[in-house]
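Trainee: Sharing coords20.cif here; it has mmCIF, C-alpha atoms and all ligand atoms.
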data_final
#
loop_
_atom_site.label_atom_id
_atom_site.label_comp_id
_atom_site.auth_asym_id
_atom_site.auth_seq_id
_atom_site.Cartn_x
_atom_site.Cartn_y
_atom_site.Cartn_z
CA MET A 1 135.61 133.02 99.63
CA ILE A 2 137.45 136.35 99.92
CA LYS A 3 140.67 136.28 97.91
CA ALA A 4 143.89 137.99 99.04
CA SER A 5 145.97 139.94 96.51
CA ALA A 6 149.75 140.21 96.47
CA TYR A 7 151.26 143.66 97.09
CA THR A 8 154.80 144.97 97.14
CA PHE A 9 155.52 147.41 99.96
CA LYS A 10 158.58 149.62 99.55
CA ILE A 11 159.36 151.32 102.85
CA LEU A 12 161.93 154.05 103.30
CA ARG A 13 164.25 152.95 106.08
CA TYR A 14 166.81 154.98 108.00
CA ASP A 15 168.31 155.01 111.48
CA ALA A 16 169.47 158.42 112.74
CA ASN A 17 171.33 156.70 115.57
CA ASP A 18 173.48 154.78 113.12
CA PRO A 19 175.57 157.38 111.26
CA GLY A 20 176.90 154.69 108.90
CA THR A 21 173.49 154.10 107.29
CA LYS A 22 171.91 155.98 104.44
CA PRO A 23 168.18 156.10 103.68
CA ARG A 24 167.21 153.10 101.56
CA PHE A 25 164.02 151.38 100.45
CA ALA A 26 163.33 147.92 101.88
CA THR A 27 160.93 145.75 99.87
CA TYR A 28 158.34 143.39 101.34
CA ARG A 29 155.97 141.20 99.34
CA ILE A 30 152.80 140.33 101.20
CA ASN A 31 149.28 139.01 100.50
CA VAL A 32 146.55 141.40 101.63
CA LEU A 33 142.83 140.70 102.04
CA PRO A 34 140.41 143.36 100.73
CA GLY A 35 139.50 145.86 103.44
CA LEU A 36 142.79 145.67 105.32
CA THR A 37 144.57 148.92 106.06
CA VAL A 38 148.16 149.98 105.53
CA LEU A 39 148.62 149.92 109.31
CA THR A 40 147.44 146.31 109.50
CA VAL A 41 150.00 145.40 106.84
CA LEU A 42 152.76 147.25 108.70
CA LEU A 43 151.92 145.34 111.87
CA ARG A 44 152.04 142.08 109.92
CA ILE A 45 155.35 142.94 108.28
CA ARG A 46 156.81 143.67 111.70
CA GLU A 47 155.39 140.53 113.26
CA GLU A 48 155.99 138.10 110.39
CA LEU A 49 158.77 139.46 108.16
CA ASP A 50 160.96 142.06 109.83
CA GLY A 51 160.87 142.82 113.54
CA THR A 52 163.22 145.79 113.12
CA LEU A 53 160.76 147.96 111.19
CA ALA A 54 159.86 151.12 113.16
CA PHE A 55 156.59 153.05 112.96
CA ARG A 56 154.13 154.61 115.41
CA SER A 57 150.58 153.44 116.01
CA SER A 58 148.11 153.16 118.82
CA CYS A 59 144.32 153.40 118.46
CA ARG A 60 143.89 151.94 114.94
CA SER A 61 140.75 154.10 114.66
CA ALA A 62 141.91 157.52 113.32
CA VAL A 63 141.66 159.00 116.79
CA CYS A 64 145.17 159.09 118.26
CA GLY A 65 146.88 160.53 115.15
CA SER A 66 150.05 158.44 115.62
CA CYS A 67 150.36 156.72 112.23
CA ALA A 68 150.58 159.70 109.86
CA MET A 69 152.88 159.00 106.91
CA VAL A 70 153.23 159.38 103.14
CA MET A 71 151.60 156.58 101.15
CA ASN A 72 152.23 156.64 97.41
CA GLY A 73 152.85 160.36 97.66
CA LYS A 74 149.74 161.17 99.71
CA ILE A 75 149.84 162.11 103.38
CA ASP A 76 147.23 160.37 105.53
CA LEU A 77 146.80 158.06 108.52
CA ALA A 78 147.85 154.46 107.81
CA CYS A 79 145.03 153.14 110.03
CA ARG A 80 142.29 154.63 107.86
CA THR A 81 143.84 153.91 104.46
CA GLN A 82 142.78 150.65 102.87
CA VAL A 83 145.43 148.99 100.72
CA ALA A 84 142.87 148.15 98.04
CA THR A 85 142.15 151.85 97.43
CA PHE A 86 145.50 152.26 95.64
CA ASN A 87 145.33 151.73 91.90
CA THR A 88 148.55 149.75 91.96
CA ASP A 89 150.03 146.71 93.68
CA THR A 90 153.15 148.64 94.69
CA ILE A 91 152.81 150.82 97.77
CA ILE A 92 155.61 153.21 98.73
CA LEU A 93 155.68 154.33 102.36
CA GLU A 94 157.73 157.29 103.55
CA PRO A 95 157.91 159.29 106.79
CA LEU A 96 156.14 162.64 107.22
CA PRO A 97 158.03 165.50 105.49
CA ASN A 98 159.21 168.64 107.31
CA LEU A 99 160.33 166.64 110.37
CA GLU A 100 163.60 164.87 111.16
CA VAL A 101 163.50 161.10 110.86
CA ILE A 102 164.41 159.20 114.02
CA ARG A 103 164.03 155.79 112.48
CA ASP A 104 162.16 154.44 109.45
CA LEU A 105 158.62 155.92 109.61
CA VAL A 106 159.10 157.50 113.05
CA VAL A 107 159.75 161.25 112.94
CA ASP A 108 160.78 163.67 115.65
CA LEU A 109 157.64 165.68 116.43
CA THR A 110 159.41 168.08 118.81
CA PRO A 111 159.09 171.18 116.52
CA PHE A 112 155.40 170.39 115.98
CA TRP A 113 154.74 170.22 119.75
CA GLU A 114 156.87 173.31 120.43
CA MET A 115 154.68 175.36 118.09
CA TYR A 116 151.57 173.89 119.69
CA GLU A 117 152.80 174.85 123.15
CA LYS A 118 153.77 178.32 121.97
CA ILE A 119 150.19 179.36 121.16
CA LYS A 120 148.98 178.49 124.71
CA PRO A 121 146.48 175.77 123.71
CA TYR A 122 144.10 176.13 126.62
CA LEU A 123 141.30 178.42 127.77
CA ILE A 124 142.58 181.64 129.33
CA ARG A 125 140.19 183.41 131.70
CA LYS A 126 140.31 186.77 133.43
CA SER A 127 136.93 186.49 135.16
CA PRO A 128 136.69 184.78 138.53
CA VAL A 129 136.27 181.00 138.34
CA PRO A 130 132.50 180.37 138.21
CA ALA A 131 130.76 178.03 140.62
CA LYS A 132 129.33 176.00 137.71
CA GLU A 133 130.47 175.30 134.16
CA ILE A 134 130.46 178.19 131.68
CA PRO A 135 127.50 177.61 129.34
CA GLN A 136 127.85 177.82 125.56
CA SER A 137 125.07 178.20 123.02
CA GLU A 138 124.85 175.76 120.12
CA ALA A 139 125.95 178.50 117.72
CA GLU A 140 128.97 179.30 119.87
CA ARG A 141 129.98 175.63 119.93
CA GLN A 142 129.52 175.31 116.18
CA ARG A 143 131.98 178.15 115.67
CA ILE A 144 134.80 176.00 117.04
CA ASP A 145 133.51 172.56 115.97
CA GLN A 146 135.95 171.81 113.16
CA PHE A 147 138.98 172.95 115.17
CA VAL A 148 138.00 170.85 118.18
CA ASN A 149 138.10 167.82 115.88
CA CYS A 150 141.87 168.18 115.35
CA ILE A 151 143.68 165.07 116.61
CA LEU A 152 147.18 166.60 116.34
CA CYS A 153 148.36 164.03 113.82
CA ALA A 154 150.72 166.49 112.04
CA CYS A 155 149.52 165.49 108.54
CA CYS A 156 149.02 169.20 107.80
CA TYR A 157 152.47 170.00 109.19
CA GLY A 158 154.03 167.48 106.81
CA ALA A 159 152.06 168.83 103.85
CA CYS A 160 152.83 172.52 104.44
CA PRO A 161 155.07 174.11 101.78
CA VAL A 162 155.89 177.05 104.06
CA LEU A 163 157.44 174.74 106.67
CA ALA A 164 159.53 173.15 103.92
CA ARG A 165 161.35 176.47 103.48
CA ASP A 166 160.88 178.02 106.95
CA PRO A 167 161.20 175.57 109.87
CA GLY A 168 160.40 178.49 112.21
CA TYR A 169 156.89 178.86 110.77
CA VAL A 170 154.14 178.23 113.32
CA GLY A 171 152.44 175.66 111.06
CA PRO A 172 148.80 174.96 110.23
CA ALA A 173 147.86 172.84 113.27
CA ALA A 174 149.08 175.30 115.90
CA ALA A 175 147.48 178.24 114.08
CA ALA A 176 144.18 176.35 113.79
CA LYS A 177 144.37 175.50 117.48
CA LEU A 178 144.88 179.17 118.32
CA ALA A 179 141.77 179.97 116.27
CA ARG A 180 139.91 177.29 118.23
CA PHE A 181 140.59 179.23 121.45
CA ILE A 182 140.14 182.81 120.27
CA LEU A 183 136.80 181.83 118.68
CA ASP A 184 135.72 180.09 121.91
CA SER A 185 133.12 182.21 123.73
CA ARG A 186 134.69 181.23 127.07
CA ASP A 187 138.22 182.35 126.23
CA GLU A 188 139.34 185.75 127.53
CA ARG A 189 142.99 185.84 126.45
CA PRO A 190 144.44 189.33 126.04
CA GLY A 191 144.62 190.55 122.45
CA GLY A 192 148.35 191.06 122.99
CA ASP A 193 148.77 187.27 123.16
CA LEU A 194 148.17 187.21 119.39
CA GLU A 195 151.46 189.05 118.83
CA ILE A 196 153.24 185.71 119.09
CA VAL A 197 151.95 184.80 115.60
CA ASN A 198 151.89 188.34 114.17
CA ASP A 199 154.81 188.09 111.76
CA GLU A 200 156.06 186.21 108.71
CA HIS A 201 156.80 183.11 110.83
CA GLY A 202 153.27 183.31 112.21
CA VAL A 203 149.92 183.50 110.47
CA TRP A 204 151.12 186.00 107.86
CA GLY A 205 153.57 183.40 106.49
CA CYS A 206 150.80 181.15 105.13
CA ASP A 207 150.86 180.72 101.33
CA THR A 208 147.11 179.94 101.35
CA VAL A 209 147.54 177.01 98.99
CA PHE A 210 145.30 174.72 101.10
CA ARG A 211 147.67 171.71 101.18
CA CYS A 212 146.86 171.41 104.90
CA ILE A 213 143.15 171.14 104.13
CA ASP A 214 143.81 168.40 101.55
CA ALA A 215 145.98 166.47 104.01
CA CYS A 216 143.76 166.68 107.08
CA PRO A 217 142.09 163.33 107.90
CA LYS A 218 139.53 164.98 110.20
CA GLU A 219 138.17 167.58 107.78
CA VAL A 220 139.66 170.45 109.73
CA ARG A 221 140.40 173.48 107.55
CA PRO A 222 143.53 174.99 109.12
CA THR A 223 143.60 177.79 106.53
CA ASP A 224 140.21 178.98 107.84
CA GLY A 225 141.75 179.17 111.30
CA ILE A 226 144.73 181.13 109.99
CA VAL A 227 142.36 183.64 108.36
CA ASP A 228 140.40 183.90 111.63
CA VAL A 229 143.58 184.63 113.58
CA ARG A 230 144.63 187.23 111.01
CA LYS A 231 141.24 188.94 111.39
CA ALA A 232 141.55 188.88 115.19
CA ILE A 233 145.02 190.48 114.98
CA VAL A 234 143.77 193.26 112.69
CA LYS A 235 140.74 193.85 114.92
CA HIS A 236 142.90 193.99 118.04
CA ARG A 237 145.36 196.38 116.39
CA TYR A 238 142.50 198.64 115.24
CA GLN A 239 140.91 198.69 118.69
CA LYS A 240 144.25 199.46 120.24
CA MET A 241 144.77 202.32 117.82
CA MET A 242 141.32 203.69 118.64
CA GLY A 243 141.97 203.31 122.38
CA LYS A 244 139.06 200.91 122.70
CA THR A 245 140.84 198.06 124.41
CA ASN A 246 141.99 197.75 127.96
CA ASN A 247 143.14 194.15 127.81
CA GLU A 248 146.76 194.58 126.75
CA ALA A 249 149.14 191.85 127.69
FE1 LIG B 301 145.95 166.54 111.87
FE2 LIG B 301 144.02 168.03 110.73
FE3 LIG B 301 144.84 168.58 113.22
FE4 LIG B 301 146.45 169.09 111.16
S1 LIG B 301 144.48 170.09 111.57
S2 LIG B 301 147.05 168.12 113.08
S3 LIG B 301 145.95 167.40 109.78
S4 LIG B 301 143.80 166.71 112.51
#
Show me, as structure tokens, the structure contained in the file I just sent.

Mentor:
Amino acid sequence: MIKASAYTFKILRYDANDPGTKPRFATYRINVLPGLTVLTVLLRIREELDGTLAFRSSCRSAVCGSCAMVMNGKIDLACRTQVATFNTDTIILEPLPNLEVIRDLVVDLTPFWEMYEKIKPYLIRKSPVPAKEIPQSEAERQRIDQFVNCILCACCYGACPVLARDPGYVGPAAAAKLARFILDSRDERPGGDLEIVNDEHGVWGCDTVFRCIDACPKEVRPTDGIVDVRKAIVKHRYQKMMGKTNNEA
């Protein structure tokens, strides 16, 4: 028979809509079967112990990216983190850093989505719309593989030390998404579009300390994308200087 073990969950609670409250840890003691995830426990706490606890979740399969949070100091998705993998029976849950808390583990993702929108996260074409789909070779697809896997969970955004000191920084996810499009053989965006990230709040602001890579649950390497965008900016600037480009924005 599988035996449950007792765990103490300490969850940072706060309600931005109640100015009288201060952040505080609420403690819940709960028995957990081996194999169960932090998200499963959160759902149980809300159903069985405290219906006021707020957190986001949806797919429970590391696909939707909703349940990113800090668990014993490590940023990850609660739905793919098994409780038994912690070497302690006390689990501390906190909301993602670098974002305002709305309530408990729910953060305001508006700045994250604003940066995402800013880089125009879609294919931009200048050629006439073809009658059929635009073919891609296997090598061309492989070039963008890792960036396509991004689920926009914001784990990297929460882990980024640059965002901690510069909230205007574009952030790892948006920069990696821009790389995903400029490396895409079907994208024809003007080189001038890269100017939007061509400053210290853009790709040049990255400290290159790889915290985003450590935090990413989908093995995306945002720093690689940032380096790719930097290279594209330098190449575009060089071509412009040499009068070799006619695709100015
Ligand atoms: Fe999440 Fe990784 Fe995408 Fe960042 S790059 S948003 S950590 S999936």

Trainee: Please, which residues have at least one atom within 7 Å of an atom of ligand LIG 301 (chain B), using only C-alpha atoms and all ligand atoms, listed as a list of chain:residue names?

Mentor: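 What falls inside 7 Å of ligand LIG 301 (chain B) is A:Gly65, A:Asn149, A:Cys150, A:Ile151, A:Leu152, A:Cys153, A:Ala154, A:Cys155, A:Cys156, A:Tyr157, A:Pro172, A:Ala173, A:Ala176, A:Cys212, A:Ala215, A:Cys216, A:Pro217, A:Lys218, A:Glu219, A:Val220, A:Arg221, A:Pro222.
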
Trainee: Please write the residues from the selection above to a file, keeping C-alpha atoms, as a PDB file, in the coordinates of the input.

Mentor:
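Wrote it out as out_16.pdb, contents follow:
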ATOM      1  CA  GLY A  65     146.880 160.530 115.150  1.00  0.00           C
ATOM      2  CA  ASN A 149     138.100 167.820 115.880  1.00  0.00           C
ATOM      3  CA  CYS A 150     141.870 168.180 115.350  1.00  0.00           C
ATOM      4  CA  ILE A 151     143.680 165.070 116.610  1.00  0.00           C
ATOM      5  CA  LEU A 152     147.180 166.600 116.340  1.00  0.00           C
ATOM      6  CA  CYS A 153     148.360 164.030 113.820  1.00  0.00           C
ATOM      7  CA  ALA A 154     150.720 166.490 112.040  1.00  0.00           C
ATOM      8  CA  CYS A 155     149.520 165.490 108.540  1.00  0.00           C
ATOM      9  CA  CYS A 156     149.020 169.200 107.800  1.00  0.00           C
ATOM     10  CA  TYR A 157     152.470 170.000 109.190  1.00  0.00           C
ATOM     11  CA  PRO A 172     148.800 174.960 110.230  1.00  0.00           C
ATOM     12  CA  ALA A 173     147.860 172.840 113.270  1.00  0.00           C
ATOM     13  CA  ALA A 176     144.180 176.350 113.790  1.00  0.00           C
ATOM     14  CA  CYS A 212     146.860 171.410 104.900  1.00  0.00           C
ATOM     15  CA  ALA A 215     145.980 166.470 104.010  1.00  0.00           C
ATOM     16  CA  CYS A 216     143.760 166.680 107.080  1.00  0.00           C
ATOM     17  CA  PRO A 217     142.090 163.330 107.900  1.00  0.00           C
ATOM     18  CA  LYS A 218     139.530 164.980 110.200  1.00  0.00           C
ATOM     19  CA  GLU A 219     138.170 167.580 107.780  1.00  0.00           C
ATOM     20  CA  VAL A 220     139.660 170.450 109.730  1.00  0.00           C
ATOM     21  CA  ARG A 221     140.400 173.480 107.550  1.00  0.00           C
ATOM     22  CA  PRO A 222     143.530 174.990 109.120  1.00  0.00           C
TER      23      PRO A 222
END

Trainee: Just how far from atom CA of Arg180 of chain A is atom CA of Pro121 of chain A, in Å to one decimal?

Mentor: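 If I compute the distance from atom CA of Pro121 of chain A to atom CA of Arg180 of chain A, I get 8.7 Å.
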
Trainee: First collect every listed atom of segment 31-40 of chain A; then fit an axis-aligned box around them, widen it by 3 Å on each side, and give centre and edge lengths in Å to one decimal, as JSON.

Mentor:
{"center_x": 144.4, "center_y": 144.5, "center_z": 105.0, "size_x": 15.8, "size_y": 17.0, "size_z": 15.0}

Trainee: Taking all atoms listed in the file into account, which of A:Ser57, A:Thr37, A:Ser5, A:Ser66 comes nearest Gln82 of chain A?

Mentor: A:Thr37

Trainee: Suppose you want the space between atom CA of Val197 of chain A and atom CA of Ala175 of chain A; what is it in Å?

Mentor: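 Between atom CA of Val197 of chain A and atom CA of Ala175 of chain A the gap is 8.1 Å.
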
Trainee: Using all atoms listed in the file, can you tell me which of A:Tyr238, A:Tyr7, A:Phe147, A:Phe181 comes closest to Phe86 of chain A?

Mentor: A:Tyr7

Trainee: Would you compute the distance between atom CA of Ala54 of chain A and atom CA of Arg24 of chain A? Give it in Å to one decimal.

Mentor: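 So the answer is 13.9 Å.
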
Trainee: Taking into account only C-alpha atoms, which residue in the set A:Val38, A:Ile102, A:Ile45, A:Cys59 is nearest to Asp76 of chain A?

Mentor: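 Once distances to Asp76 of chain A are computed over only C-alpha atoms, the minimum belongs to A:Val38.
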
Trainee: Within 12 Å of (157.4, 161.6, 105.5) in the file's own coordinates, which protein, DNA or RNA residues have an atom, counting all atoms listed in the file? List them as a ChimeraX atom specification.

Mentor: /A:11-14,55,67-77,92-109,154-160,164

Trainee: Give the answer as one residue: which of A:Met115, A:Leu53, A:Leu39, A:Ala4 has the shortest atom-to-atom distance to Ala78 of chain A, using all atoms listed in the file?

Mentor: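 Residue with the minimum atom-to-atom distance to Ala78 of chain A: A:Leu39.
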
Trainee: So which one's closest to Thr81 of chain A, A:Pro34, A:Arg56, A:Leu123, A:Trp113? Using all atoms listed in the file, please.

Mentor: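 For Thr81 of chain A, the nearest of the given residues is A:Pro34.
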
Trainee: Taking into account all atoms listed in the file, which residue in the set A:Glu117, A:Val83, A:Asn17, A:Lys22 is nearest to Leu42 of chain A?

Mentor: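 With all atoms listed in the file as the atom set, the closest residue is A:Val83.
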
Trainee: Write out as a list in words the residues lying within 10 Å of segment 224-227 of chain A, counting all atoms listed in the file and excluding same-chain residues fewer than 5 positions away.

Mentor: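 Contacts, in chain order: Ile144, Gln146, Phe147, Gly171, Pro172, Ala173, Ala174, Ala175, Ala176, Lys177, Leu178, Ala179, Arg180, Ile182, Leu183, Val197, Gly202, Val203, Trp204, Gly205, Cys206, Thr208, Phe210, Ile213, Ala232 and Ile233 of chain A.
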